[in-house]
Each structure stands twice: as C-alpha cells, then as structure tokens.
>>> print(open('upload-v5.cif').read())   # mmCIF, N, CA and C atoms
data_model
#
loop_
_atom_site.label_atom_id
_atom_site.label_comp_id
_atom_site.auth_asym_id
_atom_site.auth_seq_id
_atom_site.Cartn_x
_atom_site.Cartn_y
_atom_site.Cartn_z
N MET F 1 3.57 -15.01 -20.23
CA MET F 1 4.42 -14.27 -19.32
C MET F 1 4.01 -14.63 -17.90
N LYS F 2 4.98 -14.75 -17.06
CA LYS F 2 4.72 -15.07 -15.65
C LYS F 2 5.46 -14.05 -14.79
N ILE F 3 4.74 -13.46 -13.86
CA ILE F 3 5.31 -12.48 -12.94
C ILE F 3 5.09 -13.01 -11.53
N THR F 4 6.12 -12.94 -10.71
CA THR F 4 5.98 -13.36 -9.32
C THR F 4 6.40 -12.22 -8.41
N PHE F 5 5.88 -12.22 -7.22
CA PHE F 5 6.26 -11.24 -6.22
C PHE F 5 6.02 -11.83 -4.84
N ASP F 6 6.69 -11.27 -3.87
CA ASP F 6 6.56 -11.74 -2.49
C ASP F 6 5.57 -10.85 -1.74
N VAL F 7 4.72 -11.49 -0.96
CA VAL F 7 3.79 -10.75 -0.11
C VAL F 7 3.89 -11.32 1.30
N ASP F 8 3.49 -10.51 2.27
CA ASP F 8 3.53 -11.00 3.64
C ASP F 8 2.37 -11.99 3.84
N PRO F 9 2.43 -12.80 4.88
CA PRO F 9 1.40 -13.83 5.10
C PRO F 9 -0.02 -13.26 5.22
N ARG F 10 -0.16 -12.09 5.81
CA ARG F 10 -1.49 -11.49 5.96
C ARG F 10 -2.10 -11.14 4.60
N THR F 11 -1.29 -10.59 3.71
CA THR F 11 -1.76 -10.25 2.37
C THR F 11 -2.10 -11.51 1.59
N ALA F 12 -1.24 -12.51 1.68
CA ALA F 12 -1.50 -13.77 0.98
C ALA F 12 -2.80 -14.41 1.47
N SER F 13 -3.04 -14.37 2.76
CA SER F 13 -4.27 -14.93 3.32
C SER F 13 -5.49 -14.19 2.79
N ALA F 14 -5.40 -12.87 2.72
CA ALA F 14 -6.53 -12.06 2.22
C ALA F 14 -6.80 -12.37 0.76
N LEU F 15 -5.74 -12.49 -0.05
CA LEU F 15 -5.92 -12.82 -1.47
C LEU F 15 -6.61 -14.16 -1.64
N LEU F 16 -6.18 -15.15 -0.88
CA LEU F 16 -6.78 -16.47 -0.98
C LEU F 16 -8.23 -16.47 -0.49
N LYS F 17 -8.50 -15.70 0.56
CA LYS F 17 -9.86 -15.62 1.09
C LYS F 17 -10.82 -15.02 0.05
N TYR F 18 -10.41 -13.90 -0.56
CA TYR F 18 -11.28 -13.27 -1.56
C TYR F 18 -11.39 -14.12 -2.82
N ALA F 19 -10.32 -14.79 -3.20
CA ALA F 19 -10.38 -15.67 -4.37
C ALA F 19 -11.39 -16.79 -4.14
N ALA F 20 -11.36 -17.37 -2.96
CA ALA F 20 -12.32 -18.44 -2.65
C ALA F 20 -13.74 -17.90 -2.59
N ARG F 21 -13.91 -16.73 -2.00
CA ARG F 21 -15.25 -16.14 -1.85
C ARG F 21 -15.90 -15.88 -3.20
N TRP F 22 -15.11 -15.39 -4.16
CA TRP F 22 -15.67 -15.01 -5.45
C TRP F 22 -15.41 -16.05 -6.54
N SER F 23 -14.93 -17.23 -6.15
CA SER F 23 -14.64 -18.32 -7.10
C SER F 23 -13.71 -17.85 -8.21
N MET F 24 -12.65 -17.17 -7.82
CA MET F 24 -11.65 -16.67 -8.76
C MET F 24 -10.28 -17.22 -8.36
N THR F 25 -9.33 -17.11 -9.26
CA THR F 25 -7.97 -17.48 -8.91
C THR F 25 -7.30 -16.27 -8.27
N PRO F 26 -6.25 -16.48 -7.48
CA PRO F 26 -5.52 -15.33 -6.93
C PRO F 26 -5.01 -14.39 -8.03
N GLY F 27 -4.64 -14.95 -9.17
CA GLY F 27 -4.18 -14.11 -10.28
C GLY F 27 -5.27 -13.18 -10.78
N GLU F 28 -6.51 -13.67 -10.82
CA GLU F 28 -7.63 -12.81 -11.24
C GLU F 28 -7.88 -11.70 -10.23
N ILE F 29 -7.68 -12.00 -8.96
CA ILE F 29 -7.84 -10.98 -7.91
C ILE F 29 -6.78 -9.89 -8.11
N ILE F 30 -5.53 -10.30 -8.33
CA ILE F 30 -4.44 -9.34 -8.56
C ILE F 30 -4.73 -8.50 -9.80
N ASP F 31 -5.19 -9.15 -10.87
CA ASP F 31 -5.51 -8.43 -12.10
C ASP F 31 -6.57 -7.37 -11.85
N GLY F 32 -7.61 -7.72 -11.10
CA GLY F 32 -8.65 -6.76 -10.77
C GLY F 32 -8.13 -5.60 -9.95
N LEU F 33 -7.26 -5.90 -8.98
CA LEU F 33 -6.69 -4.84 -8.16
C LEU F 33 -5.82 -3.90 -8.99
N MET F 34 -5.06 -4.45 -9.92
CA MET F 34 -4.22 -3.61 -10.76
C MET F 34 -5.05 -2.73 -11.70
N ARG F 35 -6.16 -3.28 -12.23
CA ARG F 35 -7.02 -2.45 -13.08
C ARG F 35 -7.65 -1.33 -12.27
N PHE F 36 -8.08 -1.64 -11.04
CA PHE F 36 -8.65 -0.62 -10.17
C PHE F 36 -7.62 0.46 -9.87
N TYR F 37 -6.40 0.05 -9.53
CA TYR F 37 -5.33 1.00 -9.22
C TYR F 37 -5.05 1.90 -10.43
N LYS F 38 -4.94 1.31 -11.60
CA LYS F 38 -4.66 2.08 -12.81
C LYS F 38 -5.75 3.11 -13.07
N ARG F 39 -7.02 2.71 -12.93
CA ARG F 39 -8.14 3.62 -13.15
C ARG F 39 -8.13 4.75 -12.13
N GLU F 40 -7.88 4.42 -10.86
CA GLU F 40 -7.88 5.45 -9.82
C GLU F 40 -6.74 6.45 -10.02
N MET F 41 -5.57 5.96 -10.39
CA MET F 41 -4.44 6.86 -10.61
C MET F 41 -4.69 7.76 -11.82
N LYS F 42 -5.33 7.21 -12.84
CA LYS F 42 -5.65 8.02 -14.01
C LYS F 42 -6.63 9.13 -13.64
N GLU F 43 -7.65 8.78 -12.88
CA GLU F 43 -8.64 9.79 -12.46
C GLU F 43 -8.01 10.83 -11.54
N ARG F 44 -7.13 10.38 -10.68
CA ARG F 44 -6.55 11.29 -9.69
C ARG F 44 -5.55 12.26 -10.30
N TYR F 45 -4.72 11.79 -11.22
CA TYR F 45 -3.62 12.61 -11.69
C TYR F 45 -3.79 13.17 -13.10
N ASN F 46 -4.61 12.60 -13.94
CA ASN F 46 -4.76 13.12 -15.30
C ASN F 46 -5.46 14.47 -15.33
N HIS F 47 -6.32 14.75 -14.37
CA HIS F 47 -7.02 16.03 -14.40
C HIS F 47 -6.06 17.20 -14.22
N GLU F 48 -4.90 16.97 -13.59
CA GLU F 48 -3.94 18.04 -13.37
C GLU F 48 -3.22 18.41 -14.67
N GLN F 49 -3.20 17.51 -15.65
CA GLN F 49 -2.48 17.74 -16.89
C GLN F 49 -3.34 18.42 -17.95
N LEU F 50 -4.62 18.59 -17.71
CA LEU F 50 -5.50 19.20 -18.71
C LEU F 50 -5.34 20.70 -18.79
#
>>> encode(input="upload-v5.cif", output="structure tokens")
Amino acid sequence: MKITFDVDPRTASALLKYAARWSMTPGEIIDGLMRFYKREMKERYNHEQL
C-alpha cells in the first residue's frame, strides 16, 4: 500500500533533516510520528470512557 500527502516546504525540510540525523527514511519518521500520535490520543481520551 502506498499513501501520499502534501506538506509545506518547512515540514518537508524537517522530515528530511530528522531522517538524515537518525539514518531513517522519511517514511519511518512518519510511521513513528503516527504511532506517537495514536498512543497520546489513546492516553488522553480513553480515560474518559472508563
């Protein structure tokens, strides 16, 4: 599966900078950000449903 999205030049530059710094691909950076976001949203909103 392939997913694409548009980002502004500043965001694209930051993704490439961090990918180079950590020897990762931009896709791996996005994957990590999405996992972080999912975990944070679960922690933030699941406690209200208990």
>>> residues_around(input="upload-v5.cif", residues="F:Pro26", least_positions_apart="4", cutoff="10 Å", atoms="only C-alpha atoms", output="MDAnalysis selection string")
chainID F and resid 12 14:20 30:32
>>> atom_distance(input="upload-v5.cif", atom1="atom CA of F:Phe36", atom2="atom CA of F:Thr4")
19.4 Å
>>> atom_distance(input="upload-v5.cif", atom1="atom CA of F:Glu40", atom2="atom C of F:Trp22")
23.0 Å
>>> atom_distance(input="upload-v5.cif", atom1="atom N of F:Asp6", atom2="atom CA of F:Gly27")
12.9 Å
>>> select_by_dssp(input="upload-v5.cif", residues="chain F", states="helix (DSSP H, G or I)", output="compact mmCIF listing (two decimals) with N, CA and C atoms, in the coordinates of the input")
# COMPACT_ATOMS: atom_id res chain seq x y z
N PRO F 9 2.43 -12.80 4.88
CA PRO F 9 1.40 -13.83 5.10
C PRO F 9 -0.02 -13.26 5.22
N ARG F 10 -0.16 -12.09 5.81
CA ARG F 10 -1.49 -11.49 5.96
C ARG F 10 -2.10 -11.14 4.60
N THR F 11 -1.29 -10.59 3.71
CA THR F 11 -1.76 -10.25 2.37
C THR F 11 -2.10 -11.51 1.59
N ALA F 12 -1.24 -12.51 1.68
CA ALA F 12 -1.50 -13.77 0.98
C ALA F 12 -2.80 -14.41 1.47
N SER F 13 -3.04 -14.37 2.76
CA SER F 13 -4.27 -14.93 3.32
C SER F 13 -5.49 -14.19 2.79
N ALA F 14 -5.40 -12.87 2.72
CA ALA F 14 -6.53 -12.06 2.22
C ALA F 14 -6.80 -12.37 0.76
N LEU F 15 -5.74 -12.49 -0.05
CA LEU F 15 -5.92 -12.82 -1.47
C LEU F 15 -6.61 -14.16 -1.64
N LEU F 16 -6.18 -15.15 -0.88
CA LEU F 16 -6.78 -16.47 -0.98
C LEU F 16 -8.23 -16.47 -0.49
N LYS F 17 -8.50 -15.70 0.56
CA LYS F 17 -9.86 -15.62 1.09
C LYS F 17 -10.82 -15.02 0.05
N TYR F 18 -10.41 -13.90 -0.56
CA TYR F 18 -11.28 -13.27 -1.56
C TYR F 18 -11.39 -14.12 -2.82
N ALA F 19 -10.32 -14.79 -3.20
CA ALA F 19 -10.38 -15.67 -4.37
C ALA F 19 -11.39 -16.79 -4.14
N ALA F 20 -11.36 -17.37 -2.96
CA ALA F 20 -12.32 -18.44 -2.65
C ALA F 20 -13.74 -17.90 -2.59
N ARG F 21 -13.91 -16.73 -2.00
CA ARG F 21 -15.25 -16.14 -1.85
C ARG F 21 -15.90 -15.88 -3.20
N PRO F 26 -6.25 -16.48 -7.48
CA PRO F 26 -5.52 -15.33 -6.93
C PRO F 26 -5.01 -14.39 -8.03
N GLY F 27 -4.64 -14.95 -9.17
CA GLY F 27 -4.18 -14.11 -10.28
C GLY F 27 -5.27 -13.18 -10.78
N GLU F 28 -6.51 -13.67 -10.82
CA GLU F 28 -7.63 -12.81 -11.24
C GLU F 28 -7.88 -11.70 -10.23
N ILE F 29 -7.68 -12.00 -8.96
CA ILE F 29 -7.84 -10.98 -7.91
C ILE F 29 -6.78 -9.89 -8.11
N ILE F 30 -5.53 -10.30 -8.33
CA ILE F 30 -4.44 -9.34 -8.56
C ILE F 30 -4.73 -8.50 -9.80
N ASP F 31 -5.19 -9.15 -10.87
CA ASP F 31 -5.51 -8.43 -12.10
C ASP F 31 -6.57 -7.37 -11.85
N GLY F 32 -7.61 -7.72 -11.10
CA GLY F 32 -8.65 -6.76 -10.77
C GLY F 32 -8.13 -5.60 -9.95
N LEU F 33 -7.26 -5.90 -8.98
CA LEU F 33 -6.69 -4.84 -8.16
C LEU F 33 -5.82 -3.90 -8.99
N MET F 34 -5.06 -4.45 -9.92
CA MET F 34 -4.22 -3.61 -10.76
C MET F 34 -5.05 -2.73 -11.70
N ARG F 35 -6.16 -3.28 -12.23
CA ARG F 35 -7.02 -2.45 -13.08
C ARG F 35 -7.65 -1.33 -12.27
N PHE F 36 -8.08 -1.64 -11.04
CA PHE F 36 -8.65 -0.62 -10.17
C PHE F 36 -7.62 0.46 -9.87
N TYR F 37 -6.40 0.05 -9.53
CA TYR F 37 -5.33 1.00 -9.22
C TYR F 37 -5.05 1.90 -10.43
N LYS F 38 -4.94 1.31 -11.60
CA LYS F 38 -4.66 2.08 -12.81
C LYS F 38 -5.75 3.11 -13.07
N ARG F 39 -7.02 2.71 -12.93
CA ARG F 39 -8.14 3.62 -13.15
C ARG F 39 -8.13 4.75 -12.13
N GLU F 40 -7.88 4.42 -10.86
CA GLU F 40 -7.88 5.45 -9.82
C GLU F 40 -6.74 6.45 -10.02
N MET F 41 -5.57 5.96 -10.39
CA MET F 41 -4.44 6.86 -10.61
C MET F 41 -4.69 7.76 -11.82
N LYS F 42 -5.33 7.21 -12.84
CA LYS F 42 -5.65 8.02 -14.01
C LYS F 42 -6.63 9.13 -13.64
N GLU F 43 -7.65 8.78 -12.88
CA GLU F 43 -8.64 9.79 -12.46
C GLU F 43 -8.01 10.83 -11.54
N ARG F 44 -7.13 10.38 -10.68
CA ARG F 44 -6.55 11.29 -9.69
C ARG F 44 -5.55 12.26 -10.30
N TYR F 45 -4.72 11.79 -11.22
CA TYR F 45 -3.62 12.61 -11.69
C TYR F 45 -3.79 13.17 -13.10
N ASN F 46 -4.61 12.60 -13.94
CA ASN F 46 -4.76 13.12 -15.30
C ASN F 46 -5.46 14.47 -15.33
N HIS F 47 -6.32 14.75 -14.37
CA HIS F 47 -7.02 16.03 -14.40
C HIS F 47 -6.06 17.20 -14.22
N GLU F 48 -4.90 16.97 -13.59
CA GLU F 48 -3.94 18.04 -13.37
C GLU F 48 -3.22 18.41 -14.67
N GLN F 49 -3.20 17.51 -15.65
CA GLN F 49 -2.48 17.74 -16.89
C GLN F 49 -3.34 18.42 -17.95
>>> axis_aligned_box(input="upload-v5.cif", around="stretch 7-24 of chain F", padding_each_side="8 Å", output="JSON")
{"center_x": -5.6, "center_y": -14.3, "center_z": -1.4, "size_x": 36.6, "size_y": 24.2, "size_z": 30.7}
>>> decode(input="upload-v5.cif", residues="stretch 10-44 of chain F", atoms="C-alpha atoms", output="PDB file, in the first residue's frame")
ATOM      1  CA  ARG F  10       9.101  23.706   6.094  1.00  0.00           C
ATOM      2  CA  THR F  11       7.577  20.389   7.194  1.00  0.00           C
ATOM      3  CA  ALA F  12       9.260  18.513   4.354  1.00  0.00           C
ATOM      4  CA  SER F  13      12.623  20.025   5.305  1.00  0.00           C
ATOM      5  CA  ALA F  14      12.168  18.998   8.947  1.00  0.00           C
ATOM      6  CA  LEU F  15      11.243  15.428   7.963  1.00  0.00           C
ATOM      7  CA  LEU F  16      14.317  15.119   5.767  1.00  0.00           C
ATOM      8  CA  LYS F  17      16.558  16.644   8.442  1.00  0.00           C
ATOM      9  CA  TYR F  18      15.413  14.200  11.128  1.00  0.00           C
ATOM     10  CA  ALA F  19      15.544  11.264   8.717  1.00  0.00           C
ATOM     11  CA  ALA F  20      19.165  12.078   7.904  1.00  0.00           C
ATOM     12  CA  ARG F  21      20.051  12.650  11.560  1.00  0.00           C
ATOM     13  CA  TRP F  22      18.704   9.272  12.670  1.00  0.00           C
ATOM     14  CA  SER F  23      19.625   7.336   9.489  1.00  0.00           C
ATOM     15  CA  MET F  24      15.966   6.603   8.772  1.00  0.00           C
ATOM     16  CA  THR F  25      13.758   7.054   5.750  1.00  0.00           C
ATOM     17  CA  PRO F  26      11.134   9.815   5.777  1.00  0.00           C
ATOM     18  CA  GLY F  27       8.512   7.046   5.804  1.00  0.00           C
ATOM     19  CA  GLU F  28       9.951   5.648   9.036  1.00  0.00           C
ATOM     20  CA  ILE F  29       9.806   9.127  10.574  1.00  0.00           C
ATOM     21  CA  ILE F  30       6.125   9.454   9.588  1.00  0.00           C
ATOM     22  CA  ASP F  31       5.407   5.967  10.956  1.00  0.00           C
ATOM     23  CA  GLY F  32       6.980   6.904  14.286  1.00  0.00           C
ATOM     24  CA  LEU F  33       5.014  10.143  14.457  1.00  0.00           C
ATOM     25  CA  MET F  34       1.759   8.320  13.755  1.00  0.00           C
ATOM     26  CA  ARG F  35       2.465   5.717  16.458  1.00  0.00           C
ATOM     27  CA  PHE F  36       3.250   8.513  18.920  1.00  0.00           C
ATOM     28  CA  TYR F  37       0.046  10.355  17.979  1.00  0.00           C
ATOM     29  CA  LYS F  38      -2.064   7.203  18.335  1.00  0.00           C
ATOM     30  CA  ARG F  39      -0.588   6.436  21.774  1.00  0.00           C
ATOM     31  CA  GLU F  40      -1.076  10.012  23.001  1.00  0.00           C
ATOM     32  CA  MET F  41      -4.677  10.169  21.816  1.00  0.00           C
ATOM     33  CA  LYS F  42      -5.418   6.834  23.464  1.00  0.00           C
ATOM     34  CA  GLU F  43      -3.955   8.032  26.765  1.00  0.00           C
ATOM     35  CA  ARG F  44      -5.704  11.373  26.545  1.00  0.00           C
TER      36      ARG F  44
END
